[in-house]
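Participant: See coords00.cif below, with mmCIF, N, CA and C atoms.
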```cif
data_start
loop_
_atom_site.group_PDB
_atom_site.id
_atom_site.type_symbol
_atom_site.label_atom_id
_atom_site.label_comp_id
_atom_site.auth_asym_id
_atom_site.auth_seq_id
_atom_site.Cartn_x
_atom_site.Cartn_y
_atom_site.Cartn_z
ATOM 1 N N MET A 1 -100.592 -99.273 125.440
ATOM 2 C CA MET A 1 -101.389 -99.740 126.560
ATOM 3 C C MET A 1 -100.943 -101.151 126.903
ATOM 4 N N THR A 2 -101.031 -101.449 128.197
ATOM 5 C CA THR A 2 -100.653 -102.754 128.710
ATOM 6 C C THR A 2 -101.848 -103.383 129.408
ATOM 7 N N LEU A 3 -102.017 -104.682 129.213
ATOM 8 C CA LEU A 3 -103.052 -105.437 129.918
ATOM 9 C C LEU A 3 -102.360 -106.459 130.799
ATOM 10 N N GLN A 4 -102.734 -106.484 132.085
ATOM 11 C CA GLN A 4 -102.142 -107.423 133.043
ATOM 12 C C GLN A 4 -103.247 -108.253 133.685
ATOM 13 N N VAL A 5 -102.996 -109.542 133.833
ATOM 14 C CA VAL A 5 -103.869 -110.412 134.610
ATOM 15 C C VAL A 5 -103.251 -110.490 135.999
ATOM 16 N N VAL A 6 -104.029 -110.092 137.022
ATOM 17 C CA VAL A 6 -103.476 -109.985 138.373
ATOM 18 C C VAL A 6 -104.325 -110.772 139.379
ATOM 19 N N ARG A 7 -103.697 -111.150 140.452
ATOM 20 C CA ARG A 7 -104.391 -111.849 141.533
ATOM 21 C C ARG A 7 -105.166 -110.829 142.366
ATOM 22 N N GLN A 8 -106.173 -111.302 143.079
ATOM 23 C CA GLN A 8 -107.036 -110.429 143.880
ATOM 24 C C GLN A 8 -106.233 -109.593 144.875
ATOM 25 N N SER A 9 -105.172 -110.155 145.417
ATOM 26 C CA SER A 9 -104.359 -109.431 146.403
ATOM 27 C C SER A 9 -103.660 -108.203 145.811
ATOM 28 N N GLU A 10 -103.613 -108.108 144.480
ATOM 29 C CA GLU A 10 -102.921 -106.996 143.829
ATOM 30 C C GLU A 10 -103.835 -105.819 143.495
ATOM 31 N N ILE A 11 -105.161 -106.005 143.652
ATOM 32 C CA ILE A 11 -106.101 -104.922 143.366
ATOM 33 C C ILE A 11 -107.102 -104.802 144.516
ATOM 34 N N ASP A 12 -107.949 -103.821 144.428
ATOM 35 C CA ASP A 12 -108.995 -103.614 145.430
ATOM 36 C C ASP A 12 -109.777 -104.918 145.615
ATOM 37 N N PRO A 13 -110.019 -105.332 146.858
ATOM 38 C CA PRO A 13 -110.715 -106.596 147.088
ATOM 39 C C PRO A 13 -112.147 -106.634 146.550
ATOM 40 N N ASN A 14 -112.731 -105.488 146.260
ATOM 41 C CA ASN A 14 -114.088 -105.441 145.719
ATOM 42 C C ASN A 14 -114.117 -105.209 144.209
ATOM 43 N N ALA A 15 -112.955 -105.319 143.555
ATOM 44 C CA ALA A 15 -112.856 -105.010 142.122
ATOM 45 C C ALA A 15 -112.537 -106.252 141.307
ATOM 46 N N TRP A 16 -112.954 -106.195 140.041
ATOM 47 C CA TRP A 16 -112.617 -107.242 139.077
ATOM 48 C C TRP A 16 -111.535 -106.743 138.134
ATOM 49 N N GLY A 17 -111.245 -105.453 138.228
ATOM 50 C CA GLY A 17 -110.210 -104.866 137.398
ATOM 51 C C GLY A 17 -109.909 -103.453 137.843
ATOM 52 N N SER A 18 -108.882 -102.884 137.242
ATOM 53 C CA SER A 18 -108.530 -101.494 137.523
ATOM 54 C C SER A 18 -107.758 -100.952 136.331
ATOM 55 N N SER A 19 -107.636 -99.644 136.290
ATOM 56 C CA SER A 19 -106.849 -99.023 135.228
ATOM 57 C C SER A 19 -106.102 -97.829 135.790
ATOM 58 N N HIS A 20 -104.972 -97.586 135.195
ATOM 59 C CA HIS A 20 -104.120 -96.458 135.572
ATOM 60 C C HIS A 20 -103.655 -95.825 134.271
ATOM 61 N N TRP A 21 -103.668 -94.499 134.220
ATOM 62 C CA TRP A 21 -103.319 -93.836 132.966
ATOM 63 C C TRP A 21 -102.580 -92.557 133.243
ATOM 64 N N ASP A 22 -101.880 -92.137 132.199
ATOM 65 C CA ASP A 22 -101.207 -90.848 132.190
ATOM 66 C C ASP A 22 -101.655 -90.154 130.914
ATOM 67 N N VAL A 23 -102.560 -89.184 131.060
ATOM 68 C CA VAL A 23 -103.157 -88.510 129.910
ATOM 69 C C VAL A 23 -102.075 -87.816 129.079
ATOM 70 N N ARG A 24 -101.134 -87.177 129.736
ATOM 71 C CA ARG A 24 -100.085 -86.440 129.010
ATOM 72 C C ARG A 24 -99.185 -87.373 128.205
ATOM 73 N N ALA A 25 -98.782 -88.480 128.826
ATOM 74 C CA ALA A 25 -97.894 -89.432 128.150
ATOM 75 C C ALA A 25 -98.655 -90.374 127.217
ATOM 76 N N LYS A 26 -99.972 -90.357 127.324
ATOM 77 C CA LYS A 26 -100.843 -91.239 126.529
ATOM 78 C C LYS A 26 -100.475 -92.708 126.731
ATOM 79 N N THR A 27 -100.306 -93.084 128.008
ATOM 80 C CA THR A 27 -100.031 -94.472 128.367
ATOM 81 C C THR A 27 -101.092 -94.941 129.352
ATOM 82 N N ALA A 28 -101.310 -96.253 129.361
ATOM 83 C CA ALA A 28 -102.303 -96.805 130.279
ATOM 84 C C ALA A 28 -101.987 -98.265 130.552
ATOM 85 N N THR A 29 -102.433 -98.708 131.734
ATOM 86 C CA THR A 29 -102.347 -100.108 132.113
ATOM 87 C C THR A 29 -103.710 -100.531 132.633
ATOM 88 N N ILE A 30 -104.197 -101.644 132.122
ATOM 89 C CA ILE A 30 -105.437 -102.239 132.623
ATOM 90 C C ILE A 30 -105.065 -103.526 133.329
ATOM 91 N N GLN A 31 -105.602 -103.685 134.523
ATOM 92 C CA GLN A 31 -105.432 -104.920 135.274
ATOM 93 C C GLN A 31 -106.784 -105.609 135.346
ATOM 94 N N VAL A 32 -106.805 -106.893 135.042
ATOM 95 C CA VAL A 32 -108.039 -107.673 135.117
ATOM 96 C C VAL A 32 -107.778 -108.867 136.035
ATOM 97 N N LEU A 33 -108.795 -109.216 136.792
ATOM 98 C CA LEU A 33 -108.671 -110.270 137.795
ATOM 99 C C LEU A 33 -108.349 -111.620 137.164
ATOM 100 N N ASP A 34 -107.418 -112.319 137.763
ATOM 101 C CA ASP A 34 -107.041 -113.668 137.339
ATOM 102 C C ASP A 34 -108.258 -114.595 137.455
ATOM 103 N N PRO A 35 -108.528 -115.425 136.437
ATOM 104 C CA PRO A 35 -109.680 -116.335 136.506
ATOM 105 C C PRO A 35 -109.707 -117.216 137.757
ATOM 106 N N ARG A 36 -108.547 -117.506 138.331
ATOM 107 C CA ARG A 36 -108.503 -118.330 139.551
ATOM 108 C C ARG A 36 -109.182 -117.651 140.735
ATOM 109 N N ASP A 37 -109.304 -116.321 140.686
ATOM 110 C CA ASP A 37 -109.887 -115.566 141.796
ATOM 111 C C ASP A 37 -111.324 -115.128 141.530
ATOM 112 N N TYR A 38 -111.878 -115.505 140.394
ATOM 113 C CA TYR A 38 -113.242 -115.123 140.039
ATOM 114 C C TYR A 38 -114.268 -115.982 140.755
ATOM 115 N N ASN A 39 -115.459 -115.403 140.938
ATOM 116 C CA ASN A 39 -116.574 -116.154 141.506
ATOM 117 C C ASN A 39 -117.454 -116.735 140.400
ATOM 118 N N LEU A 40 -117.002 -116.629 139.152
ATOM 119 C CA LEU A 40 -117.747 -117.141 137.997
ATOM 120 C C LEU A 40 -116.904 -118.177 137.260
ATOM 121 N N LYS A 41 -117.566 -118.990 136.443
ATOM 122 C CA LYS A 41 -116.877 -120.013 135.651
ATOM 123 C C LYS A 41 -117.397 -119.982 134.220
ATOM 124 N N GLY A 42 -116.662 -120.608 133.321
ATOM 125 C CA GLY A 42 -117.110 -120.817 131.953
ATOM 126 C C GLY A 42 -117.458 -119.547 131.208
ATOM 127 N N ALA A 43 -118.600 -119.592 130.507
ATOM 128 C CA ALA A 43 -119.027 -118.474 129.660
ATOM 129 C C ALA A 43 -119.241 -117.198 130.474
ATOM 130 N N ASP A 44 -119.808 -117.311 131.674
ATOM 131 C CA ASP A 44 -120.018 -116.122 132.507
ATOM 132 C C ASP A 44 -118.692 -115.466 132.869
ATOM 133 N N LEU A 45 -117.679 -116.270 133.137
ATOM 134 C CA LEU A 45 -116.350 -115.743 133.451
ATOM 135 C C LEU A 45 -115.806 -114.965 132.254
ATOM 136 N N ARG A 46 -115.856 -115.554 131.073
ATOM 137 C CA ARG A 46 -115.340 -114.876 129.875
ATOM 138 C C ARG A 46 -116.107 -113.589 129.588
ATOM 139 N N LEU A 47 -117.431 -113.641 129.715
ATOM 140 C CA LEU A 47 -118.242 -112.444 129.485
ATOM 141 C C LEU A 47 -117.898 -111.350 130.482
ATOM 142 N N ASP A 48 -117.700 -111.729 131.746
ATOM 143 C CA ASP A 48 -117.408 -110.721 132.753
ATOM 144 C C ASP A 48 -116.008 -110.133 132.576
ATOM 145 N N MET A 49 -115.051 -110.951 132.165
ATOM 146 C CA MET A 49 -113.713 -110.426 131.901
ATOM 147 C C MET A 49 -113.775 -109.432 130.742
ATOM 148 N N GLU A 50 -114.579 -109.739 129.728
ATOM 149 C CA GLU A 50 -114.765 -108.804 128.620
ATOM 150 C C GLU A 50 -115.374 -107.500 129.129
ATOM 151 N N CYS A 51 -116.390 -107.613 129.976
ATOM 152 C CA CYS A 51 -117.016 -106.425 130.560
ATOM 153 C C CYS A 51 -115.990 -105.597 131.325
ATOM 154 N N THR A 52 -115.166 -106.253 132.103
ATOM 155 C CA THR A 52 -114.162 -105.554 132.905
ATOM 156 C C THR A 52 -113.184 -104.801 132.009
ATOM 157 N N ILE A 53 -112.706 -105.453 130.960
ATOM 158 C CA ILE A 53 -111.751 -104.807 130.058
ATOM 159 C C ILE A 53 -112.401 -103.610 129.363
ATOM 160 N N VAL A 54 -113.623 -103.784 128.851
ATOM 161 C CA VAL A 54 -114.319 -102.668 128.204
ATOM 162 C C VAL A 54 -114.564 -101.542 129.202
ATOM 163 N N HIS A 55 -114.978 -101.891 130.421
ATOM 164 C CA HIS A 55 -115.211 -100.897 131.474
ATOM 165 C C HIS A 55 -113.946 -100.061 131.701
ATOM 166 N N GLU A 56 -112.817 -100.729 131.836
ATOM 167 C CA GLU A 56 -111.567 -100.008 132.091
ATOM 168 C C GLU A 56 -111.120 -99.203 130.875
ATOM 169 N N LEU A 57 -111.374 -99.700 129.657
ATOM 170 C CA LEU A 57 -111.080 -98.923 128.450
ATOM 171 C C LEU A 57 -111.900 -97.639 128.420
ATOM 172 N N VAL A 58 -113.158 -97.727 128.834
ATOM 173 C CA VAL A 58 -114.004 -96.530 128.880
ATOM 174 C C VAL A 58 -113.446 -95.539 129.901
ATOM 175 N N HIS A 59 -113.010 -96.038 131.062
ATOM 176 C CA HIS A 59 -112.375 -95.143 132.049
ATOM 177 C C HIS A 59 -111.230 -94.367 131.406
ATOM 178 N N ILE A 60 -110.400 -95.065 130.659
ATOM 179 C CA ILE A 60 -109.242 -94.423 130.038
ATOM 180 C C ILE A 60 -109.694 -93.385 129.014
ATOM 181 N N GLN A 61 -110.726 -93.696 128.244
ATOM 182 C CA GLN A 61 -111.211 -92.772 127.226
ATOM 183 C C GLN A 61 -111.831 -91.517 127.830
ATOM 184 N N VAL A 62 -112.503 -91.642 128.970
ATOM 185 C CA VAL A 62 -113.140 -90.474 129.588
ATOM 186 C C VAL A 62 -112.230 -89.791 130.610
ATOM 187 N N ALA A 63 -111.034 -90.301 130.801
ATOM 188 C CA ALA A 63 -110.111 -89.730 131.792
ATOM 189 C C ALA A 63 -109.906 -88.230 131.627
ATOM 190 N N PRO A 64 -109.795 -87.714 130.412
ATOM 191 C CA PRO A 64 -109.603 -86.264 130.296
ATOM 192 C C PRO A 64 -110.767 -85.455 130.855
ATOM 193 N N LEU A 65 -111.947 -86.038 130.919
ATOM 194 C CA LEU A 65 -113.100 -85.337 131.483
ATOM 195 C C LEU A 65 -113.002 -85.250 132.994
ATOM 196 N N ASP A 66 -112.425 -86.268 133.606
ATOM 197 C CA ASP A 66 -112.167 -86.365 135.042
ATOM 198 C C ASP A 66 -113.242 -85.708 135.911
ATOM 199 N N ALA A 67 -114.431 -86.282 135.876
ATOM 200 C CA ALA A 67 -115.548 -85.783 136.688
ATOM 201 C C ALA A 67 -115.143 -85.743 138.158
ATOM 202 N N PRO A 68 -115.505 -84.673 138.874
ATOM 203 C CA PRO A 68 -115.103 -84.550 140.270
ATOM 204 C C PRO A 68 -115.773 -85.574 141.180
ATOM 205 N N ASP A 69 -116.933 -86.083 140.802
ATOM 206 C CA ASP A 69 -117.664 -87.045 141.622
ATOM 207 C C ASP A 69 -117.422 -88.445 141.069
ATOM 208 N N ALA A 70 -116.643 -89.256 141.777
ATOM 209 C CA ALA A 70 -116.306 -90.606 141.307
ATOM 210 C C ALA A 70 -117.548 -91.458 141.081
ATOM 211 N N GLY A 71 -118.591 -91.271 141.881
ATOM 212 C CA GLY A 71 -119.830 -92.036 141.707
ATOM 213 C C GLY A 71 -120.509 -91.712 140.390
ATOM 214 N N VAL A 72 -120.520 -90.446 140.022
ATOM 215 C CA VAL A 72 -121.094 -90.029 138.745
ATOM 216 C C VAL A 72 -120.262 -90.601 137.605
ATOM 217 N N ARG A 73 -118.945 -90.501 137.704
ATOM 218 C CA ARG A 73 -118.051 -91.027 136.673
ATOM 219 C C ARG A 73 -118.260 -92.520 136.498
ATOM 220 N N GLU A 74 -118.373 -93.262 137.599
ATOM 221 C CA GLU A 74 -118.574 -94.711 137.539
ATOM 222 C C GLU A 74 -119.893 -95.045 136.853
ATOM 223 N N ASP A 75 -120.928 -94.281 137.135
ATOM 224 C CA ASP A 75 -122.234 -94.505 136.513
ATOM 225 C C ASP A 75 -122.149 -94.263 135.004
ATOM 226 N N VAL A 76 -121.476 -93.201 134.585
ATOM 227 C CA VAL A 76 -121.314 -92.897 133.160
ATOM 228 C C VAL A 76 -120.521 -94.010 132.472
ATOM 229 N N VAL A 77 -119.432 -94.443 133.089
ATOM 230 C CA VAL A 77 -118.605 -95.507 132.520
ATOM 231 C C VAL A 77 -119.421 -96.784 132.356
ATOM 232 N N ASN A 78 -120.203 -97.152 133.363
ATOM 233 C CA ASN A 78 -121.021 -98.366 133.269
ATOM 234 C C ASN A 78 -122.066 -98.262 132.162
ATOM 235 N N LYS A 79 -122.692 -97.112 132.015
ATOM 236 C CA LYS A 79 -123.685 -96.935 130.950
ATOM 237 C C LYS A 79 -123.050 -97.035 129.570
ATOM 238 N N ILE A 80 -121.880 -96.452 129.395
ATOM 239 C CA ILE A 80 -121.181 -96.542 128.111
ATOM 240 C C ILE A 80 -120.779 -97.987 127.842
ATOM 241 N N MET A 81 -120.280 -98.689 128.862
ATOM 242 C CA MET A 81 -119.870 -100.084 128.695
ATOM 243 C C MET A 81 -121.050 -100.936 128.234
ATOM 244 N N VAL A 82 -122.206 -100.799 128.880
ATOM 245 C CA VAL A 82 -123.396 -101.570 128.506
ATOM 246 C C VAL A 82 -123.812 -101.225 127.070
ATOM 247 N N ALA A 83 -123.722 -99.957 126.712
ATOM 248 C CA ALA A 83 -124.078 -99.552 125.352
ATOM 249 C C ALA A 83 -123.120 -100.162 124.318
ATOM 250 N N LEU A 84 -121.836 -100.180 124.618
ATOM 251 C CA LEU A 84 -120.864 -100.747 123.691
ATOM 252 C C LEU A 84 -121.053 -102.246 123.519
ATOM 253 N N LEU A 85 -121.356 -102.932 124.615
ATOM 254 C CA LEU A 85 -121.504 -104.386 124.568
ATOM 255 C C LEU A 85 -122.916 -104.807 124.184
ATOM 256 N N ASN A 86 -123.867 -103.887 124.277
ATOM 257 C CA ASN A 86 -125.269 -104.151 123.996
ATOM 258 C C ASN A 86 -125.833 -105.256 124.900
ATOM 259 N N ARG A 87 -125.377 -105.257 126.153
ATOM 260 C CA ARG A 87 -125.860 -106.223 127.139
ATOM 261 C C ARG A 87 -125.377 -105.824 128.525
ATOM 262 N N THR A 88 -126.039 -106.362 129.534
ATOM 263 C CA THR A 88 -125.559 -106.178 130.901
ATOM 264 C C THR A 88 -124.503 -107.242 131.177
ATOM 265 N N CYS A 89 -123.855 -107.111 132.324
ATOM 266 C CA CYS A 89 -122.756 -108.014 132.670
ATOM 267 C C CYS A 89 -123.090 -108.824 133.918
ATOM 268 N N PRO A 90 -122.501 -110.021 134.054
ATOM 269 C CA PRO A 90 -122.817 -110.899 135.179
ATOM 270 C C PRO A 90 -122.561 -110.293 136.563
ATOM 271 N N ASN A 91 -121.466 -109.565 136.726
ATOM 272 C CA ASN A 91 -121.136 -108.975 138.049
ATOM 273 C C ASN A 91 -121.551 -107.534 138.124
#
```
Starting from the file, give its structure as structure tokens.
Facilitator:
Amino acid sequence: MTLQVVRQSEIDPNAWGSSHWDVRAKTATIQVLDPRDYNLKGADLRLDMECTIVHELVHIQVAPLDAPDAGVREDVVNKIMVALLNRTCPN
């Protein structure tokens, strides 16, 4: 797996991160927003970057399930992320 810090122009303008995976090859890349492009600072920034990375890791783990409804999948991923971190996230 690869982790990349990327500028906002490289990902969806409404996202703090993204992930891309190949289930068959068992490879993945997580992109997380560069701190220069965040709307948070200090501890909140670090906490949110952690949330983003965990969120994208959960996406990769549930990828084989590939729910047909992206909204349902996003809700499941967010619930798992909160459970793993035992807290909500700033963004």
Participant: Given the PyMOL selection byres ((chain A and resi 89) around 6.5) and the file above, list the residues it selects as number ranges by chain.
Facilitator: A: 47-48, 51, 87-88, 90-91
Participant: In Å, with one decimal, what is the gap from atom CA of Ala63 of chain A to atom N of Gln31 of chain A?
Facilitator: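 Spanning atom CA of Ala63 of chain A to atom N of Gln31 of chain A is a straight-line distance of 14.9 Å.
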Participant: Taking the file as shown, find all residues satisfying the PyMOL selection byres ((chain A and resi 18-28) around 7) and write them as a CSV table (one decimal) with N, CA and C atoms, in the coordinates of the input.
Facilitator:
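Contents of the output file expr09.csv:
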```csv
chain,number,residue,atom,x,y,z
A,1,MET,N,-100.6,-99.3,125.4
A,1,MET,CA,-101.4,-99.7,126.6
A,1,MET,C,-100.9,-101.2,126.9
A,2,THR,N,-101.0,-101.4,128.2
A,2,THR,CA,-100.7,-102.8,128.7
A,2,THR,C,-101.8,-103.4,129.4
A,3,LEU,N,-102.0,-104.7,129.2
A,3,LEU,CA,-103.1,-105.4,129.9
A,3,LEU,C,-102.4,-106.5,130.8
A,15,ALA,N,-113.0,-105.3,143.6
A,15,ALA,CA,-112.9,-105.0,142.1
A,15,ALA,C,-112.5,-106.3,141.3
A,16,TRP,N,-113.0,-106.2,140.0
A,16,TRP,CA,-112.6,-107.2,139.1
A,16,TRP,C,-111.5,-106.7,138.1
A,17,GLY,N,-111.2,-105.5,138.2
A,17,GLY,CA,-110.2,-104.9,137.4
A,17,GLY,C,-109.9,-103.5,137.8
A,29,THR,N,-102.4,-98.7,131.7
A,29,THR,CA,-102.3,-100.1,132.1
A,29,THR,C,-103.7,-100.5,132.6
A,30,ILE,N,-104.2,-101.6,132.1
A,30,ILE,CA,-105.4,-102.2,132.6
A,30,ILE,C,-105.1,-103.5,133.3
A,31,GLN,N,-105.6,-103.7,134.5
A,31,GLN,CA,-105.4,-104.9,135.3
A,31,GLN,C,-106.8,-105.6,135.3
A,32,VAL,N,-106.8,-106.9,135.0
A,32,VAL,CA,-108.0,-107.7,135.1
A,32,VAL,C,-107.8,-108.9,136.0
A,33,LEU,N,-108.8,-109.2,136.8
A,33,LEU,CA,-108.7,-110.3,137.8
A,33,LEU,C,-108.3,-111.6,137.2
A,56,GLU,N,-112.8,-100.7,131.8
A,56,GLU,CA,-111.6,-100.0,132.1
A,56,GLU,C,-111.1,-99.2,130.9
A,60,ILE,N,-110.4,-95.1,130.7
A,60,ILE,CA,-109.2,-94.4,130.0
A,60,ILE,C,-109.7,-93.4,129.0
A,63,ALA,N,-111.0,-90.3,130.8
A,63,ALA,CA,-110.1,-89.7,131.8
A,63,ALA,C,-109.9,-88.2,131.6
A,64,PRO,N,-109.8,-87.7,130.4
A,64,PRO,CA,-109.6,-86.3,130.3
A,64,PRO,C,-110.8,-85.5,130.9
```
Participant: Work out how far atom CA of Asp75 of chain A is from atom CA of Ile11 of chain A, in Å to one decimal.
Facilitator: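 Here the two named atoms are 20.4 Å from each other.
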Participant: Show me the residues around (-118.5, -102.7, 124.8) - criterion: an atom at most 8 Å away, all atoms listed in the file counted - as a count of residues only.
Facilitator: 13
Participant: Please evaluate the PyMOL selection byres ((chain A and resi 36-39) around 8) against the displayed coordinates and give the resulting residues as an mmCIF file with N, CA and C atoms, in the frame of the given file.
Facilitator:
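Result file out-v7.cif:
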```cif
data_model
loop_
_atom_site.group_PDB
_atom_site.id
_atom_site.type_symbol
_atom_site.label_atom_id
_atom_site.label_comp_id
_atom_site.auth_asym_id
_atom_site.auth_seq_id
_atom_site.Cartn_x
_atom_site.Cartn_y
_atom_site.Cartn_z
ATOM 1 N N VAL A 6 -104.029 -110.092 137.022
ATOM 2 C CA VAL A 6 -103.476 -109.985 138.373
ATOM 3 C C VAL A 6 -104.325 -110.772 139.379
ATOM 4 N N ARG A 7 -103.697 -111.150 140.452
ATOM 5 C CA ARG A 7 -104.391 -111.849 141.533
ATOM 6 C C ARG A 7 -105.166 -110.829 142.366
ATOM 7 N N GLN A 8 -106.173 -111.302 143.079
ATOM 8 C CA GLN A 8 -107.036 -110.429 143.880
ATOM 9 C C GLN A 8 -106.233 -109.593 144.875
ATOM 10 N N TRP A 16 -112.954 -106.195 140.041
ATOM 11 C CA TRP A 16 -112.617 -107.242 139.077
ATOM 12 C C TRP A 16 -111.535 -106.743 138.134
ATOM 13 N N LEU A 33 -108.795 -109.216 136.792
ATOM 14 C CA LEU A 33 -108.671 -110.270 137.795
ATOM 15 C C LEU A 33 -108.349 -111.620 137.164
ATOM 16 N N ASP A 34 -107.418 -112.319 137.763
ATOM 17 C CA ASP A 34 -107.041 -113.668 137.339
ATOM 18 C C ASP A 34 -108.258 -114.595 137.455
ATOM 19 N N PRO A 35 -108.528 -115.425 136.437
ATOM 20 C CA PRO A 35 -109.680 -116.335 136.506
ATOM 21 C C PRO A 35 -109.707 -117.216 137.757
ATOM 22 N N LEU A 40 -117.002 -116.629 139.152
ATOM 23 C CA LEU A 40 -117.747 -117.141 137.997
ATOM 24 C C LEU A 40 -116.904 -118.177 137.260
ATOM 25 N N LYS A 41 -117.566 -118.990 136.443
ATOM 26 C CA LYS A 41 -116.877 -120.013 135.651
ATOM 27 C C LYS A 41 -117.397 -119.982 134.220
ATOM 28 N N ASP A 44 -119.808 -117.311 131.674
ATOM 29 C CA ASP A 44 -120.018 -116.122 132.507
ATOM 30 C C ASP A 44 -118.692 -115.466 132.869
ATOM 31 N N LEU A 45 -117.679 -116.270 133.137
ATOM 32 C CA LEU A 45 -116.350 -115.743 133.451
ATOM 33 C C LEU A 45 -115.806 -114.965 132.254
#
```
Participant: What are the DSSP strand (DSSP E or B) residues of chain A, as an mmCIF file with N, CA and C atoms, in the coordinates of the input?
Facilitator:
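Saved file selection.cif follows:
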```cif
data_model
loop_
_atom_site.group_PDB
_atom_site.id
_atom_site.type_symbol
_atom_site.label_atom_id
_atom_site.label_comp_id
_atom_site.auth_asym_id
_atom_site.auth_seq_id
_atom_site.Cartn_x
_atom_site.Cartn_y
_atom_site.Cartn_z
ATOM 1 N N THR A 2 -101.031 -101.449 128.197
ATOM 2 C CA THR A 2 -100.653 -102.754 128.710
ATOM 3 C C THR A 2 -101.848 -103.383 129.408
ATOM 4 N N LEU A 3 -102.017 -104.682 129.213
ATOM 5 C CA LEU A 3 -103.052 -105.437 129.918
ATOM 6 C C LEU A 3 -102.360 -106.459 130.799
ATOM 7 N N GLN A 4 -102.734 -106.484 132.085
ATOM 8 C CA GLN A 4 -102.142 -107.423 133.043
ATOM 9 C C GLN A 4 -103.247 -108.253 133.685
ATOM 10 N N VAL A 5 -102.996 -109.542 133.833
ATOM 11 C CA VAL A 5 -103.869 -110.412 134.610
ATOM 12 C C VAL A 5 -103.251 -110.490 135.999
ATOM 13 N N VAL A 6 -104.029 -110.092 137.022
ATOM 14 C CA VAL A 6 -103.476 -109.985 138.373
ATOM 15 C C VAL A 6 -104.325 -110.772 139.379
ATOM 16 N N GLY A 17 -111.245 -105.453 138.228
ATOM 17 C CA GLY A 17 -110.210 -104.866 137.398
ATOM 18 C C GLY A 17 -109.909 -103.453 137.843
ATOM 19 N N SER A 18 -108.882 -102.884 137.242
ATOM 20 C CA SER A 18 -108.530 -101.494 137.523
ATOM 21 C C SER A 18 -107.758 -100.952 136.331
ATOM 22 N N SER A 19 -107.636 -99.644 136.290
ATOM 23 C CA SER A 19 -106.849 -99.023 135.228
ATOM 24 C C SER A 19 -106.102 -97.829 135.790
ATOM 25 N N HIS A 20 -104.972 -97.586 135.195
ATOM 26 C CA HIS A 20 -104.120 -96.458 135.572
ATOM 27 C C HIS A 20 -103.655 -95.825 134.271
ATOM 28 N N TRP A 21 -103.668 -94.499 134.220
ATOM 29 C CA TRP A 21 -103.319 -93.836 132.966
ATOM 30 C C TRP A 21 -102.580 -92.557 133.243
ATOM 31 N N ASP A 22 -101.880 -92.137 132.199
ATOM 32 C CA ASP A 22 -101.207 -90.848 132.190
ATOM 33 C C ASP A 22 -101.655 -90.154 130.914
ATOM 34 N N THR A 27 -100.306 -93.084 128.008
ATOM 35 C CA THR A 27 -100.031 -94.472 128.367
ATOM 36 C C THR A 27 -101.092 -94.941 129.352
ATOM 37 N N ALA A 28 -101.310 -96.253 129.361
ATOM 38 C CA ALA A 28 -102.303 -96.805 130.279
ATOM 39 C C ALA A 28 -101.987 -98.265 130.552
ATOM 40 N N THR A 29 -102.433 -98.708 131.734
ATOM 41 C CA THR A 29 -102.347 -100.108 132.113
ATOM 42 C C THR A 29 -103.710 -100.531 132.633
ATOM 43 N N ILE A 30 -104.197 -101.644 132.122
ATOM 44 C CA ILE A 30 -105.437 -102.239 132.623
ATOM 45 C C ILE A 30 -105.065 -103.526 133.329
ATOM 46 N N GLN A 31 -105.602 -103.685 134.523
ATOM 47 C CA GLN A 31 -105.432 -104.920 135.274
ATOM 48 C C GLN A 31 -106.784 -105.609 135.346
ATOM 49 N N VAL A 32 -106.805 -106.893 135.042
ATOM 50 C CA VAL A 32 -108.039 -107.673 135.117
ATOM 51 C C VAL A 32 -107.778 -108.867 136.035
ATOM 52 N N LEU A 33 -108.795 -109.216 136.792
ATOM 53 C CA LEU A 33 -108.671 -110.270 137.795
ATOM 54 C C LEU A 33 -108.349 -111.620 137.164
#
```
Participant: Of the candidates A:Val5, A:Ala43, A:Val62, A:Met49, which shows the shortest atom-to-atom distance to Val77 of chain A, using all atoms listed in the file?
Facilitator: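 The shortest atom-to-atom distance to Val77 of chain A comes from A:Val62.
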Participant: Provide the atom CA of Glu74 of chain A to atom CA of His59 of chain A distance in Å, to one decimal place.
Facilitator: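 The value is 8.3 Å.
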Participant: Could you give me the axis-aligned bounding box of segment 25-30 of chain A, with 3 Å of padding per side, as centre plus edge lengths in Å to one decimal, as lines of an AutoDock Vina configuration file?
Facilitator:
```
center_x = -101.7
center_y = -96.0
center_z = 129.9
size_x = 13.5
size_y = 21.0
size_z = 12.8
```
Participant: Run DSSP on the backbone of this structure and report the residues of chain A it assigns to helix (DSSP H, G or I), as an MDAnalysis selection string.
Facilitator: chainID A and resid 8:10 35:37 42:65 70:85
Participant: Could you check which of A:Thr52, A:Ser9, A:Val58, A:Asn14 is closest to Arg73 of chain A, using only C-alpha atoms?
Facilitator: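 Among the listed residues, A:Val58 lies closest to Arg73 of chain A.
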